[in-house]
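Engineer: My file is model_11.txt. It has compact mmCIF, N, CA and C atoms:
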# COMPACT_ATOMS: atom_id res chain seq x y z
N MET A 161 0.85 -1.17 0.00
CA MET A 161 0.00 0.00 0.00
C MET A 161 0.90 1.24 0.00
N VAL A 162 0.59 2.19 -0.85
CA VAL A 162 1.34 3.44 -0.94
C VAL A 162 0.76 4.45 0.05
N ILE A 163 1.66 5.12 0.77
CA ILE A 163 1.27 6.11 1.77
C ILE A 163 2.01 7.40 1.47
N ILE A 164 1.32 8.53 1.61
CA ILE A 164 1.95 9.85 1.51
C ILE A 164 1.96 10.44 2.91
N ALA A 165 3.09 11.02 3.29
CA ALA A 165 3.18 11.73 4.57
C ALA A 165 3.41 13.20 4.29
N ILE A 166 2.83 14.04 5.14
CA ILE A 166 2.94 15.49 5.00
C ILE A 166 3.43 16.10 6.30
N ASP A 167 4.46 16.93 6.17
CA ASP A 167 4.92 17.75 7.28
C ASP A 167 4.42 19.16 6.99
N PHE A 168 3.39 19.58 7.71
CA PHE A 168 2.78 20.89 7.48
C PHE A 168 3.55 21.97 8.23
N GLY A 169 3.78 23.05 7.54
CA GLY A 169 4.33 24.25 8.15
C GLY A 169 3.60 25.45 7.61
N GLU A 170 3.66 26.55 8.32
CA GLU A 170 2.93 27.73 7.87
C GLU A 170 3.52 28.33 6.60
N LYS A 171 4.81 28.05 6.31
CA LYS A 171 5.46 28.57 5.11
C LYS A 171 5.79 27.51 4.09
N LYS A 172 5.97 26.26 4.55
CA LYS A 172 6.34 25.16 3.64
C LYS A 172 5.65 23.87 4.07
N ILE A 173 5.39 23.03 3.07
CA ILE A 173 4.82 21.70 3.30
C ILE A 173 5.77 20.69 2.68
N GLY A 174 6.18 19.71 3.47
CA GLY A 174 7.04 18.65 2.96
C GLY A 174 6.25 17.40 2.70
N LEU A 175 6.59 16.69 1.62
CA LEU A 175 5.92 15.44 1.26
C LEU A 175 6.92 14.30 1.16
N ALA A 176 6.47 13.14 1.59
CA ALA A 176 7.25 11.92 1.42
C ALA A 176 6.30 10.82 0.99
N VAL A 177 6.84 9.80 0.35
CA VAL A 177 6.05 8.66 -0.09
C VAL A 177 6.67 7.39 0.47
N GLY A 178 5.82 6.44 0.81
CA GLY A 178 6.31 5.18 1.34
C GLY A 178 5.42 4.03 0.92
N ASN A 179 5.89 2.83 1.24
CA ASN A 179 5.17 1.63 0.86
C ASN A 179 5.15 0.67 2.05
N THR A 180 3.97 0.18 2.39
CA THR A 180 3.83 -0.70 3.54
C THR A 180 4.39 -2.10 3.27
N GLU A 181 4.47 -2.51 2.01
CA GLU A 181 5.00 -3.83 1.69
C GLU A 181 6.53 -3.87 1.77
N THR A 182 7.16 -2.83 1.27
CA THR A 182 8.64 -2.80 1.28
C THR A 182 9.18 -2.10 2.52
N MET A 183 8.29 -1.41 3.26
CA MET A 183 8.69 -0.65 4.46
C MET A 183 9.78 0.38 4.13
N THR A 184 9.63 1.00 2.96
CA THR A 184 10.59 2.01 2.53
C THR A 184 9.87 3.34 2.34
N SER A 185 10.65 4.42 2.38
CA SER A 185 10.07 5.75 2.16
C SER A 185 11.14 6.66 1.57
N SER A 186 10.67 7.72 0.92
CA SER A 186 11.56 8.71 0.32
C SER A 186 10.92 10.08 0.39
N PRO A 187 11.74 11.11 0.64
CA PRO A 187 11.21 12.48 0.52
C PRO A 187 10.94 12.75 -0.95
N ILE A 188 9.87 13.49 -1.26
CA ILE A 188 9.58 13.75 -2.68
C ILE A 188 9.52 15.22 -3.05
N SER A 189 9.03 16.10 -2.19
CA SER A 189 8.96 17.50 -2.59
C SER A 189 8.63 18.41 -1.41
N ILE A 190 8.86 19.69 -1.67
CA ILE A 190 8.51 20.74 -0.71
C ILE A 190 7.70 21.79 -1.46
N PHE A 191 6.56 22.16 -0.88
CA PHE A 191 5.72 23.20 -1.45
C PHE A 191 5.84 24.45 -0.59
N LYS A 192 6.18 25.56 -1.22
CA LYS A 192 6.30 26.82 -0.49
C LYS A 192 5.01 27.62 -0.63
N LYS A 193 4.65 28.28 0.44
CA LYS A 193 3.48 29.15 0.44
C LYS A 193 3.84 30.44 -0.28
N THR A 194 2.93 30.91 -1.11
CA THR A 194 3.13 32.19 -1.79
C THR A 194 2.24 33.24 -1.13
N LYS A 195 2.22 34.41 -1.68
CA LYS A 195 1.38 35.49 -1.13
C LYS A 195 -0.10 35.11 -1.16
N THR A 196 -0.47 34.26 -2.11
CA THR A 196 -1.88 33.86 -2.23
C THR A 196 -2.17 32.53 -1.54
N GLY A 197 -1.17 31.94 -0.91
CA GLY A 197 -1.38 30.68 -0.19
C GLY A 197 -0.68 29.53 -0.90
N PHE A 198 -1.03 28.32 -0.51
CA PHE A 198 -0.45 27.14 -1.13
C PHE A 198 -1.15 26.87 -2.45
N ASN A 199 -0.42 26.31 -3.40
CA ASN A 199 -0.99 25.93 -4.68
C ASN A 199 -1.66 24.57 -4.50
N TRP A 200 -2.94 24.60 -4.18
CA TRP A 200 -3.69 23.37 -3.88
C TRP A 200 -3.76 22.43 -5.07
N ALA A 201 -3.90 22.97 -6.27
CA ALA A 201 -3.98 22.12 -7.46
C ALA A 201 -2.66 21.35 -7.64
N GLU A 202 -1.55 22.03 -7.50
CA GLU A 202 -0.25 21.38 -7.64
C GLU A 202 -0.04 20.34 -6.54
N LEU A 203 -0.41 20.70 -5.32
CA LEU A 203 -0.27 19.78 -4.19
C LEU A 203 -1.11 18.52 -4.37
N THR A 204 -2.38 18.70 -4.72
CA THR A 204 -3.24 17.52 -4.89
C THR A 204 -2.80 16.68 -6.09
N ASN A 205 -2.36 17.33 -7.17
CA ASN A 205 -1.87 16.57 -8.32
C ASN A 205 -0.66 15.73 -7.95
N GLN A 206 0.25 16.31 -7.17
CA GLN A 206 1.45 15.56 -6.74
C GLN A 206 1.05 14.35 -5.90
N ILE A 207 0.11 14.55 -5.00
CA ILE A 207 -0.36 13.45 -4.14
C ILE A 207 -1.04 12.37 -4.99
N LEU A 208 -1.96 12.77 -5.84
CA LEU A 208 -2.73 11.81 -6.63
C LEU A 208 -1.85 11.04 -7.63
N GLU A 209 -0.76 11.64 -8.07
CA GLU A 209 0.17 10.99 -8.98
C GLU A 209 0.70 9.68 -8.39
N TRP A 210 0.84 9.62 -7.08
CA TRP A 210 1.37 8.43 -6.40
C TRP A 210 0.29 7.40 -6.09
N GLU A 211 -0.97 7.76 -6.28
CA GLU A 211 -2.12 6.88 -6.01
C GLU A 211 -2.05 6.26 -4.60
N PRO A 212 -1.95 7.11 -3.57
CA PRO A 212 -1.84 6.57 -2.22
C PRO A 212 -3.18 6.05 -1.69
N SER A 213 -3.07 5.10 -0.77
CA SER A 213 -4.25 4.58 -0.08
C SER A 213 -4.55 5.38 1.18
N LYS A 214 -3.53 6.10 1.67
CA LYS A 214 -3.68 6.85 2.92
C LYS A 214 -2.72 8.03 2.90
N ILE A 215 -3.11 9.08 3.61
CA ILE A 215 -2.26 10.25 3.82
C ILE A 215 -2.06 10.41 5.31
N ILE A 216 -0.80 10.53 5.72
CA ILE A 216 -0.46 10.77 7.11
C ILE A 216 -0.01 12.23 7.22
N ILE A 217 -0.64 12.97 8.11
CA ILE A 217 -0.24 14.37 8.34
C ILE A 217 0.34 14.45 9.74
N GLY A 218 1.52 15.05 9.83
CA GLY A 218 2.17 15.20 11.12
C GLY A 218 1.32 16.01 12.08
N LYS A 219 1.16 15.49 13.28
CA LYS A 219 0.35 16.12 14.32
C LYS A 219 1.31 16.79 15.31
N PRO A 220 1.39 18.11 15.28
CA PRO A 220 2.37 18.81 16.12
C PRO A 220 1.90 18.95 17.57
N LEU A 221 2.40 18.07 18.40
CA LEU A 221 2.09 18.12 19.82
C LEU A 221 3.25 18.74 20.59
N ASN A 222 2.93 19.30 21.73
CA ASN A 222 3.98 19.76 22.62
C ASN A 222 4.66 18.53 23.24
N MET A 223 5.82 18.72 23.83
CA MET A 223 6.56 17.59 24.39
C MET A 223 5.77 16.86 25.46
N ASP A 224 4.86 17.56 26.15
CA ASP A 224 4.06 16.90 27.18
C ASP A 224 2.80 16.23 26.61
N GLY A 225 2.66 16.24 25.28
CA GLY A 225 1.54 15.57 24.63
C GLY A 225 0.32 16.45 24.42
N THR A 226 0.37 17.69 24.88
CA THR A 226 -0.76 18.60 24.68
C THR A 226 -0.70 19.19 23.27
N ARG A 227 -1.82 19.74 22.84
CA ARG A 227 -1.91 20.35 21.51
C ARG A 227 -1.01 21.58 21.42
N SER A 228 -0.29 21.69 20.31
CA SER A 228 0.54 22.87 20.09
C SER A 228 -0.32 24.00 19.51
N ASP A 229 0.25 25.20 19.48
CA ASP A 229 -0.47 26.36 18.95
C ASP A 229 -0.84 26.20 17.48
N ILE A 230 -0.06 25.47 16.71
CA ILE A 230 -0.30 25.33 15.27
C ILE A 230 -1.28 24.20 14.93
N MET A 231 -1.68 23.41 15.92
CA MET A 231 -2.54 22.25 15.66
C MET A 231 -3.83 22.62 14.95
N GLU A 232 -4.43 23.73 15.30
CA GLU A 232 -5.68 24.16 14.65
C GLU A 232 -5.46 24.38 13.15
N LYS A 233 -4.32 24.97 12.78
CA LYS A 233 -4.00 25.21 11.37
C LYS A 233 -3.76 23.89 10.64
N VAL A 234 -3.13 22.94 11.32
CA VAL A 234 -2.89 21.63 10.72
C VAL A 234 -4.22 20.92 10.47
N GLU A 235 -5.12 20.97 11.43
CA GLU A 235 -6.43 20.35 11.25
C GLU A 235 -7.22 21.02 10.13
N SER A 236 -7.13 22.33 10.03
CA SER A 236 -7.79 23.07 8.96
C SER A 236 -7.21 22.66 7.60
N PHE A 237 -5.90 22.54 7.53
CA PHE A 237 -5.23 22.08 6.32
C PHE A 237 -5.74 20.67 5.95
N GLY A 238 -5.82 19.78 6.93
CA GLY A 238 -6.30 18.43 6.70
C GLY A 238 -7.72 18.40 6.17
N LYS A 239 -8.58 19.24 6.73
CA LYS A 239 -9.98 19.30 6.28
C LYS A 239 -10.06 19.80 4.83
N LYS A 240 -9.27 20.81 4.52
CA LYS A 240 -9.25 21.35 3.15
C LYS A 240 -8.78 20.27 2.18
N LEU A 241 -7.69 19.57 2.54
CA LEU A 241 -7.17 18.51 1.68
C LEU A 241 -8.19 17.39 1.50
N GLU A 242 -8.86 17.03 2.58
CA GLU A 242 -9.88 15.99 2.54
C GLU A 242 -11.04 16.37 1.62
N SER A 243 -11.35 17.68 1.55
CA SER A 243 -12.44 18.13 0.68
C SER A 243 -12.03 18.09 -0.80
N LEU A 244 -10.73 18.05 -1.07
CA LEU A 244 -10.23 18.06 -2.44
C LEU A 244 -9.94 16.67 -3.00
N ILE A 245 -9.61 15.73 -2.13
CA ILE A 245 -9.28 14.38 -2.59
C ILE A 245 -9.96 13.35 -1.68
N ASP A 246 -10.34 12.25 -2.26
CA ASP A 246 -11.05 11.21 -1.53
C ASP A 246 -10.07 10.12 -1.09
N ILE A 247 -9.22 10.47 -0.13
CA ILE A 247 -8.23 9.53 0.40
C ILE A 247 -8.27 9.65 1.92
N ASP A 248 -8.20 8.52 2.60
CA ASP A 248 -8.21 8.49 4.06
C ASP A 248 -7.03 9.30 4.61
N ILE A 249 -7.32 10.20 5.54
CA ILE A 249 -6.29 11.03 6.18
C ILE A 249 -6.21 10.68 7.65
N GLU A 250 -4.98 10.55 8.12
CA GLU A 250 -4.73 10.24 9.53
C GLU A 250 -3.68 11.22 10.06
N PHE A 251 -3.89 11.70 11.26
CA PHE A 251 -2.90 12.56 11.92
C PHE A 251 -2.01 11.68 12.79
N TYR A 252 -0.70 11.97 12.78
CA TYR A 252 0.25 11.15 13.52
C TYR A 252 1.27 12.05 14.22
N ASP A 253 1.57 11.71 15.46
CA ASP A 253 2.50 12.47 16.30
C ASP A 253 3.82 12.74 15.58
N GLU A 254 4.19 14.01 15.52
CA GLU A 254 5.42 14.38 14.82
C GLU A 254 6.47 15.03 15.74
N ARG A 255 6.33 14.86 17.03
CA ARG A 255 7.29 15.49 17.94
C ARG A 255 8.72 15.15 17.57
N LEU A 256 9.55 16.17 17.52
CA LEU A 256 11.00 16.09 17.27
C LEU A 256 11.38 15.74 15.83
N THR A 257 10.44 15.65 14.90
CA THR A 257 10.82 15.28 13.53
C THR A 257 11.65 16.36 12.86
N SER A 258 11.32 17.64 13.06
CA SER A 258 12.12 18.70 12.45
C SER A 258 13.52 18.73 13.04
N PHE A 259 13.61 18.49 14.35
CA PHE A 259 14.92 18.42 15.00
C PHE A 259 15.74 17.28 14.40
N GLU A 260 15.11 16.11 14.26
CA GLU A 260 15.80 14.95 13.69
C GLU A 260 16.20 15.20 12.24
N ALA A 261 15.34 15.85 11.48
CA ALA A 261 15.64 16.15 10.07
C ALA A 261 16.85 17.09 9.98
N ARG A 262 16.90 18.07 10.86
CA ARG A 262 18.06 18.98 10.87
C ARG A 262 19.35 18.23 11.22
N GLN A 263 19.26 17.24 12.09
CA GLN A 263 20.43 16.44 12.45
C GLN A 263 20.93 15.65 11.23
N LEU A 264 20.01 15.20 10.39
CA LEU A 264 20.38 14.43 9.20
C LEU A 264 20.95 15.31 8.09
N ASP A 265 20.49 16.55 8.02
CA ASP A 265 20.92 17.45 6.94
C ASP A 265 21.16 18.84 7.50
N GLU A 266 22.28 19.00 8.18
CA GLU A 266 22.59 20.26 8.85
C GLU A 266 22.84 21.42 7.89
N ASP A 267 23.17 21.11 6.63
CA ASP A 267 23.52 22.15 5.66
C ASP A 267 22.33 22.79 4.97
N SER A 268 21.16 22.22 5.15
CA SER A 268 20.01 22.69 4.39
C SER A 268 18.94 23.31 5.28
N GLU A 269 18.34 24.35 4.77
CA GLU A 269 17.17 24.95 5.43
C GLU A 269 15.90 24.24 4.98
N MET A 270 15.98 23.49 3.90
CA MET A 270 14.82 22.82 3.31
C MET A 270 14.77 21.39 3.83
N ILE A 271 14.17 21.22 5.00
CA ILE A 271 14.14 19.91 5.65
C ILE A 271 12.74 19.33 5.72
N ASP A 272 11.78 20.02 5.18
CA ASP A 272 10.38 19.64 5.36
C ASP A 272 10.05 18.28 4.74
N ASP A 273 10.64 17.98 3.58
CA ASP A 273 10.38 16.67 2.97
C ASP A 273 11.06 15.55 3.77
N VAL A 274 12.23 15.85 4.35
CA VAL A 274 12.92 14.88 5.20
C VAL A 274 12.11 14.66 6.48
N ALA A 275 11.55 15.73 7.03
CA ALA A 275 10.70 15.61 8.22
C ALA A 275 9.47 14.75 7.89
N ALA A 276 8.90 14.92 6.70
CA ALA A 276 7.75 14.09 6.29
C ALA A 276 8.17 12.62 6.20
N LYS A 277 9.37 12.36 5.71
CA LYS A 277 9.88 10.99 5.64
C LYS A 277 10.03 10.40 7.04
N ILE A 278 10.50 11.19 7.99
CA ILE A 278 10.66 10.72 9.36
C ILE A 278 9.30 10.40 9.98
N ILE A 279 8.31 11.25 9.72
CA ILE A 279 6.94 10.99 10.19
C ILE A 279 6.45 9.66 9.62
N LEU A 280 6.66 9.48 8.32
CA LEU A 280 6.20 8.26 7.65
C LEU A 280 6.93 7.03 8.17
N ASP A 281 8.24 7.12 8.36
CA ASP A 281 9.01 5.99 8.90
C ASP A 281 8.50 5.60 10.28
N SER A 282 8.24 6.60 11.10
CA SER A 282 7.73 6.35 12.45
C SER A 282 6.36 5.67 12.38
N TRP A 283 5.49 6.16 11.51
CA TRP A 283 4.16 5.57 11.34
C TRP A 283 4.28 4.12 10.86
N LEU A 284 5.12 3.89 9.84
CA LEU A 284 5.31 2.54 9.34
C LEU A 284 5.80 1.59 10.42
N ASN A 285 6.78 2.04 11.20
CA ASN A 285 7.32 1.20 12.27
C ASN A 285 6.28 0.93 13.35
N ASN A 286 5.44 1.90 13.62
CA ASN A 286 4.41 1.73 14.64
C ASN A 286 3.28 0.80 14.15
N GLU A 287 2.90 0.95 12.90
CA GLU A 287 1.76 0.20 12.36
C GLU A 287 2.12 -1.19 11.87
N TYR A 288 3.36 -1.40 11.41
CA TYR A 288 3.70 -2.64 10.72
C TYR A 288 4.89 -3.38 11.32
N SER A 289 5.26 -3.07 12.55
CA SER A 289 6.37 -3.84 13.14
C SER A 289 5.89 -4.73 14.27
How would this structure read if it were set down as structure tokens?
Structural biologist:
Amino acid sequence: MVIIAIDFGEKKIGLAVGNTETMTSSPISIFKKTKTGFNWAELTNQILEWEPSKIIIGKPLNMDGTRSDIMEKVESFGKKLESLIDIDIEFYDERLTSFEARQLDEDSEMIDDVAAKIILDSWLNNEYS
């Protein structure tokens, strides 16, 4: 089964793709927000191109497990995406993924797709190990 993971940010969205049979994943792209917002058509086309069975969106919790300030925006993003494509969406804990992504690629400011891969790897390990 093909899975897409999304690391939502207010300025950038990272995407990764994975497979539950091979237990592999790869970062695929980063979408930057423009003055008019995210390019929803481009984002949905990129997702649909992979024909995923599920979309995992990183759920930004505080370290103590409480909702972070950005959680409402993430849920709003998820609802908008759900209205555009008919694919099951699940939110998954993303604590420390950006930190871990920076550790893997200290030279780059563009870590959102790597963070999405980390979210997806964590989900795969939790669901299929």
Engineer: Would you work out the distance separating atom N of Asp246 of chain A from atom C of Val234 of chain A, expressed in Å to one decimal?
Structural biologist: 16.6 Å
Engineer: Quote the spacing between atom N of Leu280 of chain A and atom C of Glu211 of chain A in Å to one decimal place.
Structural biologist: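 Computing it gives 15.9 Å between the two atoms.
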Engineer: Which residues are near segment 199-208 of chain A? Cut-off 8 Å, all atoms listed in the file, ignore same chain within fewer than 5 positions. Put them as a PyMOL selection string.
Structural biologist: chain A and resi 164+191-194+241+244-245
Engineer: Taking N, CA and C atoms for each residue, export the selection above as a PDB file, in the coordinates of the input.
Structural biologist:
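Saved the output as selection16.pdb:
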ATOM      1  N   ILE A 164       1.320   8.530   1.610  1.00  0.00           N
ATOM      2  CA  ILE A 164       1.950   9.850   1.510  1.00  0.00           C
ATOM      3  C   ILE A 164       1.960  10.440   2.910  1.00  0.00           C
ATOM      4  N   PHE A 191       6.560  22.160  -0.880  1.00  0.00           N
ATOM      5  CA  PHE A 191       5.720  23.200  -1.450  1.00  0.00           C
ATOM      6  C   PHE A 191       5.840  24.450  -0.590  1.00  0.00           C
ATOM      7  N   LYS A 192       6.180  25.560  -1.220  1.00  0.00           N
ATOM      8  CA  LYS A 192       6.300  26.820  -0.490  1.00  0.00           C
ATOM      9  C   LYS A 192       5.010  27.620  -0.630  1.00  0.00           C
ATOM     10  N   LYS A 193       4.650  28.280   0.440  1.00  0.00           N
ATOM     11  CA  LYS A 193       3.480  29.150   0.440  1.00  0.00           C
ATOM     12  C   LYS A 193       3.840  30.440  -0.280  1.00  0.00           C
ATOM     13  N   THR A 194       2.930  30.910  -1.110  1.00  0.00           N
ATOM     14  CA  THR A 194       3.130  32.190  -1.790  1.00  0.00           C
ATOM     15  C   THR A 194       2.240  33.240  -1.130  1.00  0.00           C
ATOM     16  N   LEU A 241      -7.690  19.570   2.540  1.00  0.00           N
ATOM     17  CA  LEU A 241      -7.170  18.510   1.680  1.00  0.00           C
ATOM     18  C   LEU A 241      -8.190  17.390   1.500  1.00  0.00           C
ATOM     19  N   LEU A 244     -10.730  18.050  -1.070  1.00  0.00           N
ATOM     20  CA  LEU A 244     -10.230  18.060  -2.440  1.00  0.00           C
ATOM     21  C   LEU A 244      -9.940  16.670  -3.000  1.00  0.00           C
ATOM     22  N   ILE A 245      -9.610  15.730  -2.130  1.00  0.00           N
ATOM     23  CA  ILE A 245      -9.280  14.380  -2.590  1.00  0.00           C
ATOM     24  C   ILE A 245      -9.960  13.350  -1.680  1.00  0.00           C
TER      25      ILE A 245
END
Engineer: Mind checking DSSP for segment 175-228 of chain A and telling me the alpha helix (DSSP H) residues as a ChimeraX atom specification?
Structural biologist: /A:200-209
Engineer: Would you compute the distance between atom CA of Lys171 of chain A and atom CA of Phe198 of chain A? Give it in Å to one decimal.
Structural biologist: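 Taking atom CA of Lys171 of chain A and atom CA of Phe198 of chain A, their separation equals 8.7 Å.
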Engineer: Pick out each residue of chain A that DSSP on the backbone tags as strand (DSSP E or B); I need them as a count of residues only.
Structural biologist: 40
Engineer: Taking into account all atoms listed in the file, which residue in the set A:Ile217, A:Asp281, A:Ser243, A:Val274 is nearest to Phe168 of chain A?
Structural biologist: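 Using all atoms listed in the file, Phe168 of chain A sits closest to A:Ile217.
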